$ cat run.cif   # mmCIF, C-alpha atoms and all ligand atoms
data_query
#
loop_
_atom_site.group_PDB
_atom_site.id
_atom_site.type_symbol
_atom_site.label_atom_id
_atom_site.label_comp_id
_atom_site.auth_asym_id
_atom_site.auth_seq_id
_atom_site.Cartn_x
_atom_site.Cartn_y
_atom_site.Cartn_z
ATOM 1 C CA MET A 1 79.434 -5.060 -38.407
ATOM 2 C CA PRO A 2 76.778 -4.513 -35.728
ATOM 3 C CA GLN A 3 73.871 -2.091 -36.058
ATOM 4 C CA ILE A 4 75.029 1.202 -34.533
ATOM 5 C CA ILE A 5 72.148 2.664 -32.513
ATOM 6 C CA ASP A 6 72.156 6.379 -33.348
ATOM 7 C CA GLY A 7 71.037 8.204 -30.198
ATOM 8 C CA LYS A 8 71.658 11.605 -31.739
ATOM 9 C CA ALA A 9 69.281 10.924 -34.665
ATOM 10 C CA ILE A 10 66.626 9.330 -32.415
ATOM 11 C CA SER A 11 66.797 12.172 -29.869
ATOM 12 C CA ASP A 12 66.553 14.719 -32.709
ATOM 13 C CA ALA A 13 63.421 12.941 -33.993
ATOM 14 C CA ILE A 14 61.830 13.054 -30.507
ATOM 15 C CA LYS A 15 62.688 16.748 -30.145
ATOM 16 C CA GLU A 16 61.084 17.510 -33.535
ATOM 17 C CA GLU A 17 57.910 15.654 -32.471
ATOM 18 C CA LEU A 18 57.829 17.636 -29.214
ATOM 19 C CA LYS A 19 58.422 20.953 -30.977
ATOM 20 C CA ILE A 20 55.324 20.382 -33.119
ATOM 21 C CA LYS A 21 53.306 19.357 -30.030
ATOM 22 C CA VAL A 22 54.417 22.460 -28.113
ATOM 23 C CA GLU A 23 53.523 24.756 -31.047
ATOM 24 C CA LYS A 24 49.990 23.289 -30.997
ATOM 25 C CA LEU A 25 49.733 23.665 -27.196
ATOM 26 C CA ASN A 26 50.907 27.288 -27.417
ATOM 27 C CA LYS A 27 48.195 27.967 -30.007
ATOM 28 C CA ASP A 28 45.662 26.603 -27.492
ATOM 29 C CA GLY A 29 47.048 29.005 -24.889
ATOM 30 C CA ILE A 30 49.043 26.363 -22.958
ATOM 31 C CA LYS A 31 52.617 27.456 -22.150
ATOM 32 C CA ILE A 32 55.136 25.024 -20.705
ATOM 33 C CA CYS A 33 57.749 26.153 -18.211
ATOM 34 C CA LEU A 34 60.624 24.262 -16.553
ATOM 35 C CA ALA A 35 62.455 25.610 -13.500
ATOM 36 C CA VAL A 36 66.080 24.437 -13.353
ATOM 37 C CA ILE A 37 67.971 24.808 -10.066
ATOM 38 C CA GLN A 38 71.735 24.423 -9.735
ATOM 39 C CA VAL A 39 73.503 24.823 -6.388
ATOM 40 C CA GLY A 40 77.216 25.610 -6.714
ATOM 41 C CA SER A 41 79.208 25.678 -9.912
ATOM 42 C CA ASP A 42 80.354 22.099 -10.601
ATOM 43 C CA PRO A 43 81.601 22.384 -14.222
ATOM 44 C CA ALA A 44 79.955 19.152 -15.430
ATOM 45 C CA SER A 45 76.622 20.212 -13.886
ATOM 46 C CA SER A 46 76.924 23.631 -15.549
ATOM 47 C CA VAL A 47 77.325 21.915 -18.953
ATOM 48 C CA TYR A 48 74.288 19.653 -18.328
ATOM 49 C CA VAL A 49 72.152 22.560 -17.101
ATOM 50 C CA GLY A 50 73.197 24.673 -20.110
ATOM 51 C CA ASN A 51 72.209 21.844 -22.483
ATOM 52 C CA LYS A 52 68.822 21.491 -20.754
ATOM 53 C CA LYS A 53 68.115 25.217 -21.141
ATOM 54 C CA LYS A 54 69.151 25.067 -24.826
ATOM 55 C CA ALA A 55 66.830 22.116 -25.483
ATOM 56 C CA CYS A 56 63.943 23.997 -23.815
ATOM 57 C CA ALA A 57 64.548 27.036 -26.034
ATOM 58 C CA TYR A 58 64.670 24.848 -29.161
ATOM 59 C CA ILE A 59 61.386 23.091 -28.393
ATOM 60 C CA GLY A 60 59.556 26.220 -27.222
ATOM 61 C CA ILE A 61 59.517 25.482 -23.497
ATOM 62 C CA ASP A 62 60.190 28.439 -21.189
ATOM 63 C CA SER A 63 62.956 27.868 -18.675
ATOM 64 C CA LEU A 64 63.627 29.629 -15.383
ATOM 65 C CA ALA A 65 67.239 29.253 -14.256
ATOM 66 C CA TYR A 66 68.170 29.453 -10.562
ATOM 67 C CA GLU A 67 71.947 29.460 -10.109
ATOM 68 C CA LEU A 68 72.422 29.403 -6.336
ATOM 69 C CA PRO A 69 75.727 29.779 -4.497
ATOM 70 C CA GLU A 70 77.486 26.742 -2.981
ATOM 71 C CA GLU A 71 76.717 28.072 0.555
ATOM 72 C CA THR A 72 72.920 27.953 -0.007
ATOM 73 C CA THR A 73 71.362 26.198 2.994
ATOM 74 C CA GLN A 74 68.987 23.262 2.724
ATOM 75 C CA ASP A 75 66.202 25.425 4.198
ATOM 76 C CA GLU A 76 66.749 28.103 1.549
ATOM 77 C CA LEU A 77 66.604 25.501 -1.211
ATOM 78 C CA LEU A 78 63.471 23.887 0.255
ATOM 79 C CA LYS A 79 61.827 27.323 0.469
ATOM 80 C CA LEU A 80 62.534 27.987 -3.219
ATOM 81 C CA ILE A 81 61.074 24.569 -4.129
ATOM 82 C CA ASP A 82 57.936 25.384 -2.098
ATOM 83 C CA GLU A 83 57.537 28.656 -3.984
ATOM 84 C CA LEU A 84 57.943 26.901 -7.339
ATOM 85 C CA ASN A 85 55.504 24.156 -6.265
ATOM 86 C CA ALA A 86 52.921 26.898 -5.651
ATOM 87 C CA LYS A 87 53.462 28.672 -8.990
ATOM 88 C CA ALA A 88 50.734 27.651 -11.444
ATOM 89 C CA ASP A 89 52.820 28.707 -14.455
ATOM 90 C CA VAL A 90 55.739 26.383 -13.553
ATOM 91 C CA ASN A 91 55.100 22.836 -14.832
ATOM 92 C CA GLY A 92 58.400 21.137 -14.068
ATOM 93 C CA ILE A 93 61.055 21.488 -11.352
ATOM 94 C CA LEU A 94 64.534 20.047 -11.810
ATOM 95 C CA VAL A 95 67.243 20.226 -9.150
ATOM 96 C CA GLN A 96 70.555 19.295 -10.748
ATOM 97 C CA LEU A 97 72.432 16.574 -8.825
ATOM 98 C CA PRO A 98 74.837 16.150 -7.139
ATOM 99 C CA LEU A 99 74.109 18.728 -4.439
ATOM 100 C CA PRO A 100 76.762 20.060 -2.006
ATOM 101 C CA ASP A 101 77.435 17.698 0.936
ATOM 102 C CA HIS A 102 75.561 19.848 3.495
ATOM 103 C CA ILE A 103 72.258 19.360 1.605
ATOM 104 C CA ASN A 104 70.300 16.118 1.915
ATOM 105 C CA GLU A 105 69.361 15.022 -1.621
ATOM 106 C CA ASP A 106 66.505 12.793 -0.467
ATOM 107 C CA ALA A 107 64.874 15.687 1.440
ATOM 108 C CA VAL A 108 65.143 17.909 -1.645
ATOM 109 C CA ILE A 109 63.741 15.303 -4.048
ATOM 110 C CA HIS A 110 60.916 14.621 -1.597
ATOM 111 C CA ALA A 111 60.004 18.337 -1.445
ATOM 112 C CA ILE A 112 59.235 18.579 -5.179
ATOM 113 C CA ASP A 113 55.512 18.369 -6.011
ATOM 114 C CA PRO A 114 55.166 14.905 -7.668
ATOM 115 C CA ALA A 115 53.053 16.583 -10.408
ATOM 116 C CA LYS A 116 56.158 18.650 -11.323
ATOM 117 C CA ASP A 117 58.746 15.858 -10.843
ATOM 118 C CA VAL A 118 60.050 15.811 -14.431
ATOM 119 C CA ASP A 119 63.217 13.948 -13.344
ATOM 120 C CA GLY A 120 61.058 11.068 -12.060
ATOM 121 C CA PHE A 121 63.115 10.851 -8.835
ATOM 122 C CA HIS A 122 60.314 11.434 -6.265
ATOM 123 C CA PRO A 123 59.384 8.297 -4.259
ATOM 124 C CA GLN A 124 55.798 8.663 -5.560
ATOM 125 C CA SER A 125 57.019 8.557 -9.199
ATOM 126 C CA VAL A 126 59.262 5.564 -8.445
ATOM 127 C CA GLY A 127 56.399 3.798 -6.628
ATOM 128 C CA LYS A 128 54.060 4.333 -9.574
ATOM 129 C CA LEU A 129 56.631 2.891 -11.962
ATOM 130 C CA CYS A 130 57.010 -0.095 -9.640
ATOM 131 C CA ILE A 131 53.273 -0.916 -9.614
ATOM 132 C CA GLY A 132 52.693 -0.112 -13.285
ATOM 133 C CA GLN A 133 50.767 3.168 -12.925
ATOM 134 C CA PRO A 134 51.403 6.123 -15.245
ATOM 135 C CA GLY A 135 53.845 8.705 -13.878
ATOM 136 C CA PHE A 136 57.141 10.409 -14.572
ATOM 137 C CA VAL A 137 60.002 8.042 -15.380
ATOM 138 C CA SER A 138 63.704 8.739 -14.879
ATOM 139 C CA CYS A 139 64.956 10.162 -18.171
ATOM 140 C CA THR A 140 67.999 7.994 -18.965
ATOM 141 C CA PRO A 141 66.245 4.600 -18.656
ATOM 142 C CA ALA A 142 63.138 5.988 -20.405
ATOM 143 C CA GLY A 143 65.450 7.097 -23.233
ATOM 144 C CA ILE A 144 66.978 3.611 -23.481
ATOM 145 C CA ILE A 145 63.514 2.081 -23.986
ATOM 146 C CA GLN A 146 62.961 4.590 -26.825
ATOM 147 C CA LEU A 147 66.355 3.716 -28.355
ATOM 148 C CA LEU A 148 65.431 0.019 -28.377
ATOM 149 C CA LYS A 149 61.886 0.505 -29.696
ATOM 150 C CA ARG A 150 62.832 2.995 -32.391
ATOM 151 C CA SER A 151 65.680 0.721 -33.535
ATOM 152 C CA GLY A 152 63.234 -2.161 -34.065
ATOM 153 C CA ILE A 153 64.566 -4.227 -31.142
ATOM 154 C CA THR A 154 61.938 -6.384 -29.391
ATOM 155 C CA ILE A 155 62.109 -6.479 -25.577
ATOM 156 C CA GLU A 156 59.213 -8.861 -24.884
ATOM 157 C CA GLY A 157 60.405 -12.316 -23.862
ATOM 158 C CA LYS A 158 64.088 -11.362 -24.067
ATOM 159 C CA GLU A 159 66.723 -12.008 -21.416
ATOM 160 C CA CYS A 160 67.671 -8.517 -20.207
ATOM 161 C CA VAL A 161 70.654 -8.061 -17.896
ATOM 162 C CA VAL A 162 71.217 -4.687 -16.212
ATOM 163 C CA ILE A 163 74.684 -4.060 -14.765
ATOM 164 C CA GLY A 164 74.323 -1.408 -12.028
ATOM 165 C CA ARG A 165 71.571 -0.734 -9.482
ATOM 166 C CA SER A 166 71.514 3.051 -9.018
ATOM 167 C CA ASN A 167 68.231 4.821 -8.241
ATOM 168 C CA ILE A 168 68.604 6.982 -11.375
ATOM 169 C CA VAL A 169 69.470 4.284 -13.934
ATOM 170 C CA GLY A 170 69.759 0.621 -12.872
ATOM 171 C CA LYS A 171 66.617 0.194 -10.766
ATOM 172 C CA PRO A 172 64.183 2.141 -13.000
ATOM 173 C CA MET A 173 65.778 0.454 -16.030
ATOM 174 C CA ALA A 174 64.954 -2.965 -14.596
ATOM 175 C CA LEU A 175 61.345 -1.904 -13.877
ATOM 176 C CA LEU A 176 60.878 -0.496 -17.398
ATOM 177 C CA LEU A 177 62.253 -3.645 -19.060
ATOM 178 C CA LEU A 178 59.894 -5.687 -16.876
ATOM 179 C CA ARG A 179 56.982 -3.434 -17.936
ATOM 180 C CA GLU A 180 57.933 -4.274 -21.554
ATOM 181 C CA ASN A 181 57.743 -7.999 -20.683
ATOM 182 C CA GLY A 182 61.482 -8.637 -20.640
ATOM 183 C CA THR A 183 62.965 -11.251 -18.292
ATOM 184 C CA VAL A 184 65.166 -9.094 -16.116
ATOM 185 C CA THR A 185 68.294 -9.738 -14.057
ATOM 186 C CA VAL A 186 69.931 -6.899 -12.107
ATOM 187 C CA THR A 187 73.634 -7.283 -11.286
ATOM 188 C CA HIS A 188 75.945 -5.130 -9.144
ATOM 189 C CA SER A 189 79.368 -4.970 -7.549
ATOM 190 C CA LYS A 190 78.690 -8.012 -5.324
ATOM 191 C CA THR A 191 77.364 -10.229 -8.129
ATOM 192 C CA GLN A 192 79.309 -13.476 -8.459
ATOM 193 C CA ASN A 193 80.313 -14.743 -11.914
ATOM 194 C CA LEU A 194 79.322 -11.462 -13.572
ATOM 195 C CA LYS A 195 80.726 -12.598 -16.934
ATOM 196 C CA GLU A 196 78.513 -15.691 -16.965
ATOM 197 C CA VAL A 197 75.419 -13.745 -15.888
ATOM 198 C CA ALA A 198 76.031 -10.946 -18.422
ATOM 199 C CA LYS A 199 76.508 -13.575 -21.141
ATOM 200 C CA ARG A 200 72.906 -14.704 -20.674
ATOM 201 C CA ALA A 201 71.684 -11.354 -21.983
ATOM 202 C CA ASP A 202 69.929 -10.828 -25.290
ATOM 203 C CA ILE A 203 69.862 -7.170 -24.210
ATOM 204 C CA LEU A 204 72.737 -6.013 -21.987
ATOM 205 C CA ILE A 205 72.439 -2.592 -20.305
ATOM 206 C CA VAL A 206 75.709 -1.388 -18.788
ATOM 207 C CA ALA A 207 75.687 1.367 -16.134
ATOM 208 C CA ILE A 208 78.645 0.694 -13.846
ATOM 209 C CA GLY A 209 80.766 3.824 -14.164
ATOM 210 C CA LYS A 210 84.023 2.010 -15.023
ATOM 211 C CA PRO A 211 85.680 2.925 -18.323
ATOM 212 C CA LYS A 212 85.775 0.098 -20.922
ATOM 213 C CA MET A 213 85.155 -2.606 -18.284
ATOM 214 C CA ILE A 214 82.822 -4.672 -20.459
ATOM 215 C CA THR A 215 84.784 -6.635 -23.059
ATOM 216 C CA ARG A 216 83.516 -9.341 -25.427
ATOM 217 C CA GLU A 217 84.024 -11.905 -22.644
ATOM 218 C CA TYR A 218 80.835 -10.518 -21.020
ATOM 219 C CA VAL A 219 78.739 -10.566 -24.190
ATOM 220 C CA LYS A 220 76.772 -13.346 -25.907
ATOM 221 C CA GLU A 221 77.134 -13.479 -29.679
ATOM 222 C CA GLY A 222 74.336 -11.433 -31.276
ATOM 223 C CA ALA A 223 73.395 -9.529 -28.095
ATOM 224 C CA VAL A 224 72.241 -5.895 -28.099
ATOM 225 C CA VAL A 225 74.562 -3.764 -25.932
ATOM 226 C CA ILE A 226 73.541 -0.403 -24.427
ATOM 227 C CA ASP A 227 76.312 1.656 -22.822
ATOM 228 C CA VAL A 228 75.241 4.255 -20.240
ATOM 229 C CA GLY A 229 78.779 5.203 -19.148
ATOM 230 C CA ILE A 230 80.640 8.333 -20.175
ATOM 231 C CA HIS A 231 84.292 8.942 -19.275
ATOM 232 C CA ARG A 232 87.376 10.680 -20.610
ATOM 233 C CA ASN A 233 90.189 8.255 -21.429
ATOM 234 C CA GLU A 234 93.939 8.857 -21.108
ATOM 235 C CA ASN A 235 93.934 10.753 -24.452
ATOM 236 C CA ASN A 236 91.053 12.997 -23.282
ATOM 237 C CA LYS A 237 88.683 11.177 -25.670
ATOM 238 C CA LEU A 238 85.173 10.173 -24.541
ATOM 239 C CA CYS A 239 84.546 6.476 -23.894
ATOM 240 C CA GLY A 240 81.858 4.389 -22.193
ATOM 241 C CA ASP A 241 81.685 1.480 -19.734
ATOM 242 C CA VAL A 242 81.898 -0.849 -22.748
ATOM 243 C CA ASP A 243 85.089 -1.555 -24.719
ATOM 244 C CA TYR A 244 83.347 -0.593 -27.970
ATOM 245 C CA ASN A 245 85.849 -1.912 -30.524
ATOM 246 C CA ASP A 246 86.125 -5.288 -28.766
ATOM 247 C CA VAL A 247 82.373 -5.763 -28.141
ATOM 248 C CA ALA A 248 81.422 -4.574 -31.659
ATOM 249 C CA THR A 249 83.061 -7.749 -33.012
ATOM 250 C CA ILE A 250 80.490 -9.988 -31.298
ATOM 251 C CA CYS A 251 77.223 -8.049 -30.682
ATOM 252 C CA SER A 252 74.341 -7.437 -33.134
ATOM 253 C CA ALA A 253 73.702 -3.807 -32.092
ATOM 254 C CA ILE A 254 75.501 -1.294 -29.886
ATOM 255 C CA THR A 255 75.254 2.331 -28.722
ATOM 256 C CA PRO A 256 78.335 4.500 -29.331
ATOM 257 C CA VAL A 257 79.802 6.944 -26.780
ATOM 258 C CA PRO A 258 79.258 9.790 -27.443
ATOM 259 C CA GLY A 259 76.056 9.814 -29.511
ATOM 260 C CA GLY A 260 74.232 6.857 -27.947
ATOM 261 C CA VAL A 261 72.396 7.083 -24.625
ATOM 262 C CA GLY A 262 73.617 10.606 -23.704
ATOM 263 C CA PRO A 263 71.436 12.683 -26.051
ATOM 264 C CA MET A 264 68.350 10.656 -25.066
ATOM 265 C CA THR A 265 68.361 11.861 -21.441
ATOM 266 C CA ILE A 266 67.594 15.460 -22.415
ATOM 267 C CA ALA A 267 65.062 14.424 -25.079
ATOM 268 C CA MET A 268 63.123 12.463 -22.437
ATOM 269 C CA LEU A 269 63.353 15.353 -19.956
ATOM 270 C CA MET A 270 61.701 17.503 -22.615
ATOM 271 C CA TYR A 271 59.094 14.754 -23.105
ATOM 272 C CA ASN A 272 58.357 14.759 -19.357
ATOM 273 C CA CYS A 273 58.034 18.572 -19.342
ATOM 274 C CA VAL A 274 55.468 18.444 -22.153
ATOM 275 C CA GLU A 275 53.541 15.700 -20.306
ATOM 276 C CA ALA A 276 53.635 17.838 -17.135
ATOM 277 C CA GLY A 277 52.175 20.749 -19.129
ATOM 278 C CA ILE A 278 49.397 18.643 -20.656
ATOM 279 C CA SER A 279 48.285 16.872 -17.489
ATOM 280 C CA ARG A 280 48.312 19.782 -15.041
HETATM 281 N N1 LIG B 1 72.773 14.603 -12.483
HETATM 282 C C1 LIG B 1 73.150 13.626 -13.343
HETATM 283 N N2 LIG B 1 72.077 13.185 -14.055
HETATM 284 C C2 LIG B 1 71.014 13.904 -13.633
HETATM 285 C C3 LIG B 1 69.640 13.920 -14.002
HETATM 286 O O1 LIG B 1 69.155 13.164 -14.859
HETATM 287 N N3 LIG B 1 68.859 14.820 -13.333
HETATM 288 C C4 LIG B 1 69.353 15.638 -12.374
HETATM 289 N N4 LIG B 1 68.507 16.457 -11.777
HETATM 290 N N5 LIG B 1 70.624 15.650 -12.012
HETATM 291 C C5 LIG B 1 71.448 14.787 -12.634
#

$ encode --input "run.cif" --output "C-alpha cells"
Amino acid sequence: MPQIIDGKAISDAIKEELKIKVEKLNKDGIKICLAVIQVGSDPASSVYVGNKKKACAYIGIDSLAYELPEETTQDELLKLIDELNAKADVNGILVQLPLPDHINEDAVIHAIDPAKDVDGFHPQSVGKLCIGQPGFVSCTPAGIIQLLKRSGITIEGKECVVIGRSNIVGKPMALLLLRENGTVTVTHSKTQNLKEVAKRADILIVAIGKPKMITREYVKEGAVVIDVGIHRNENNKLCGDVDYNDVATICSAITPVPGGVGPMTIAMLMYNCVEAGISR
C-alpha cells in the first residue's frame, strides 16, 4: 500500500497556522483584506469563489466580493482593478479565471498591482520566480511543494517529471522543483515516448486535464505521484488525471482525488494574502 498524501489534513494544518498568525497581526492593528472579482456566473467559478470567501472568514481575513455581470466590459473591469490597486486597505486582488471571451485575460492580470498579486499570475511575479527572487507563487504548484515537504518527501537531487506546461500549474511547478534542487523535465502534448519519459520520474506531477490517463505503465516502481486533475467520471464521481487504483499498486506515495492537491490551492492563496498583508 502506498503512502496516501492527505491534502485535506495538510491544508487544515496550514490554515490553523495562518489563523494564529492573523490573530497576532490583528492585535498589532494589521488587518488583511482580499478583493475577489468574478465576472459572469460560471457555476464552477462560483463554487471556487465561495470556497475562497469561506476560507478568508475562517482565518480572519476580510473579503470584498465583486460579482460582475457577464456583459462587463474590459475597461470597466480594468477601472475596478485600478481602484482596488489604489486602496491601502486592500492587500490582495484576485480575478477568478476564466473570464468571458470579450475580456483579454493577459491585460487583466497585467493590470493588478504586483504587490497585491496573490494569485502569482502577474509577469513580474513569474519573472521573480524564474530568477529565484522572493515573490508571489501560483497557489497550486506552491501547495504541491508543501504537500511533498510536509509528507517527508525529499526533492533535492530527485528526477522530477511534470506532465503539462500551463502558466498556472506546469511552468511554475517546474521552476519550484528546480528551486528545490530537483532535476526537472517538463512534458506536454507533443512529447514523444511520454511513457518512457514519465517512467524516469522519482516524483511525477500530472496536470494534463485528461481523466485517468496515467496508468501504471507511466510510473516507475516506488515513484511519488501527484495528481492535479479533477474530473467527474461517468458515474458522477470525482477522479483525477491518474488512474488511482492502477497506479497505487506500483507507486510509493500518491495524492487522492478529491482530498489531495485541491484543498492546498486555497490554503496557499490564504498564505499569499497573509504575506501581502505583512509586506505592504
Ligand atoms: N481558475 C482556476 N484556478 C484559478 C486560480 O488559481 N486563480 C484564479 N484567479 N482563477 C482560477

$ closest_atom_pairs --input "run.cif" --of "chain A" --to "ligand LIG 1 (chain B)" --cutoff "6 Å" --atoms "only C-alpha atoms and all ligand atoms" --output "tab-separated table"
residue	atom	partner	partner_atom	distance
A:Leu94	CA	B:LIG1	N4	5.4
A:Val95	CA	B:LIG1	N4	4.8
A:Gln96	CA	B:LIG1	N4	3.6
A:Leu97	CA	B:LIG1	N5	3.8
A:Pro98	CA	B:LIG1	N1	5.9
A:Asp119	CA	B:LIG1	N3	5.7

$ write_last_selection --input "run.cif" --atoms "C-alpha atoms" --output "compact mmCIF listing (two decimals), in the frame of the given file"
# COMPACT_ATOMS: atom_id res chain seq x y z
CA LEU A 94 64.53 20.05 -11.81
CA VAL A 95 67.24 20.23 -9.15
CA GLN A 96 70.56 19.30 -10.75
CA LEU A 97 72.43 16.57 -8.82
CA PRO A 98 74.84 16.15 -7.14
CA ASP A 119 63.22 13.95 -13.34

$ atom_distance --input "run.cif" --atom1 "CA of Lys210 (chain A)" --atom2 "CA of Thr255 (chain A)"
16.3 Å

$ closest_residue --input "run.cif" --among "A:Thr140, A:Gln3, A:Gln192, A:Asn245" --to "Ile205 (chain A)" --atoms "all atoms listed in the file"
A:Thr140

$ resolve_selection --input "run.cif" --expression "the PyMOL selection byres (((chain A and resi 73) around 12) and not hetatm)" --output "PyMOL selection string"
chain A and resi 39-40+68-72+74-80+99-104+108

$ write_last_selection --input "run.cif" --atoms "C-alpha atoms" --output "PDB file, keeping the file's coordinate frame"
ATOM      1  CA  VAL A  39      73.503  24.823  -6.388  1.00  0.00           C
ATOM      2  CA  GLY A  40      77.216  25.610  -6.714  1.00  0.00           C
ATOM      3  CA  LEU A  68      72.422  29.403  -6.336  1.00  0.00           C
ATOM      4  CA  PRO A  69      75.727  29.779  -4.497  1.00  0.00           C
ATOM      5  CA  GLU A  70      77.486  26.742  -2.981  1.00  0.00           C
ATOM      6  CA  GLU A  71      76.717  28.072   0.555  1.00  0.00           C
ATOM      7  CA  THR A  72      72.920  27.953  -0.007  1.00  0.00           C
ATOM      8  CA  GLN A  74      68.987  23.262   2.724  1.00  0.00           C
ATOM      9  CA  ASP A  75      66.202  25.425   4.198  1.00  0.00           C
ATOM     10  CA  GLU A  76      66.749  28.103   1.549  1.00  0.00           C
ATOM     11  CA  LEU A  77      66.604  25.501  -1.211  1.00  0.00           C
ATOM     12  CA  LEU A  78      63.471  23.887   0.255  1.00  0.00           C
ATOM     13  CA  LYS A  79      61.827  27.323   0.469  1.00  0.00           C
ATOM     14  CA  LEU A  80      62.534  27.987  -3.219  1.00  0.00           C
ATOM     15  CA  LEU A  99      74.109  18.728  -4.439  1.00  0.00           C
ATOM     16  CA  PRO A 100      76.762  20.060  -2.006  1.00  0.00           C
ATOM     17  CA  ASP A 101      77.435  17.698   0.936  1.00  0.00           C
ATOM     18  CA  HIS A 102      75.561  19.848   3.495  1.00  0.00           C
ATOM     19  CA  ILE A 103      72.258  19.360   1.605  1.00  0.00           C
ATOM     20  CA  ASN A 104      70.300  16.118   1.915  1.00  0.00           C
ATOM     21  CA  VAL A 108      65.143  17.909  -1.645  1.00  0.00           C
TER      22      VAL A 108
END

$ atom_distance --input "run.cif" --atom1 "CA of His122 (chain A)" --atom2 "CA of Gly182 (chain A)"
24.7 Å

$ atom_distance --input "run.cif" --atom1 "CA of Ile30 (chain A)" --atom2 "CA of Cys273 (chain A)"
12.4 Å

$ resolve_selection --input "run.cif" --expression "the PyMOL selection byres (((chain A and resi 60) around 9) and not hetatm)" --output "PyMOL selection string"
chain A and resi 18-19+22-23+26+31-32+55-59+61-62

$ resolve_selection --input "run.cif" --expression "the PyMOL selection byres (((chain A and resi 52) around 10) and not hetatm)" --output "list in words"
Leu34, Val36, Ser46, Val47, Tyr48, Val49, Gly50, Asn51, Lys53, Lys54, Ala55, Cys56, Ala57, Tyr58, Ser63, Thr265, Ile266, Ala267, Leu269 and Met270 of chain A

$ closest_residue --input "run.cif" --among "A:Pro43, A:Gly170, A:Gly29, A:Pro258" --to "His231 (chain A)" --atoms "only C-alpha atoms"
A:Pro258

$ closest_residue --input "run.cif" --among "A:Leu147, A:Ala276, A:Cys130, A:Val257" --to "Asp12 (chain A)" --atoms "all atoms listed in the file"
A:Leu147

$ closest_residue --input "run.cif" --among "A:Ser279, A:Ser138, A:Thr183, A:Asn167" --to "Ile155 (chain A)" --atoms "only C-alpha atoms"
A:Thr183

$ closest_residue --input "run.cif" --among "A:Leu238, A:Ser166, A:Tyr244, A:Asn193" --to "Lys212 (chain A)" --atoms "all atoms listed in the file"
A:Tyr244

$ residues_around --input "run.cif" --residues "Leu84 (chain A)" --least-positions-apart "6" --cutoff "8 Å" --atoms "only C-alpha atoms" --output "PyMOL selection string"
chain A and resi 35+90+93

$ closest_residue --input "run.cif" --among "A:Leu64, A:Ile230, A:Val224, A:Ala86" --to "Gly209 (chain A)" --atoms "all atoms listed in the file"
A:Ile230

$ residues_around --input "run.cif" --residues "Ala142 (chain A)" --least-positions-apart "6" --cutoff "9 Å" --atoms "all atoms listed in the file" --output "PyMOL selection string"
chain A and resi 172-173+176+264-265+268

$ residues_near_point --input "run.cif" --point "(56.5, 19.3, -6.2)" --cutoff "8 Å" --atoms "only C-alpha atoms" --output "ChimeraX atom specification"
/A:81-82,84-85,93,110-117

$ residues_near_point --input "run.cif" --point "(56.1, 0.0, -21.1)" --cutoff "10 Å" --atoms "only C-alpha atoms" --output "ChimeraX atom specification"
/A:129,132,134,142,145,155,175-181
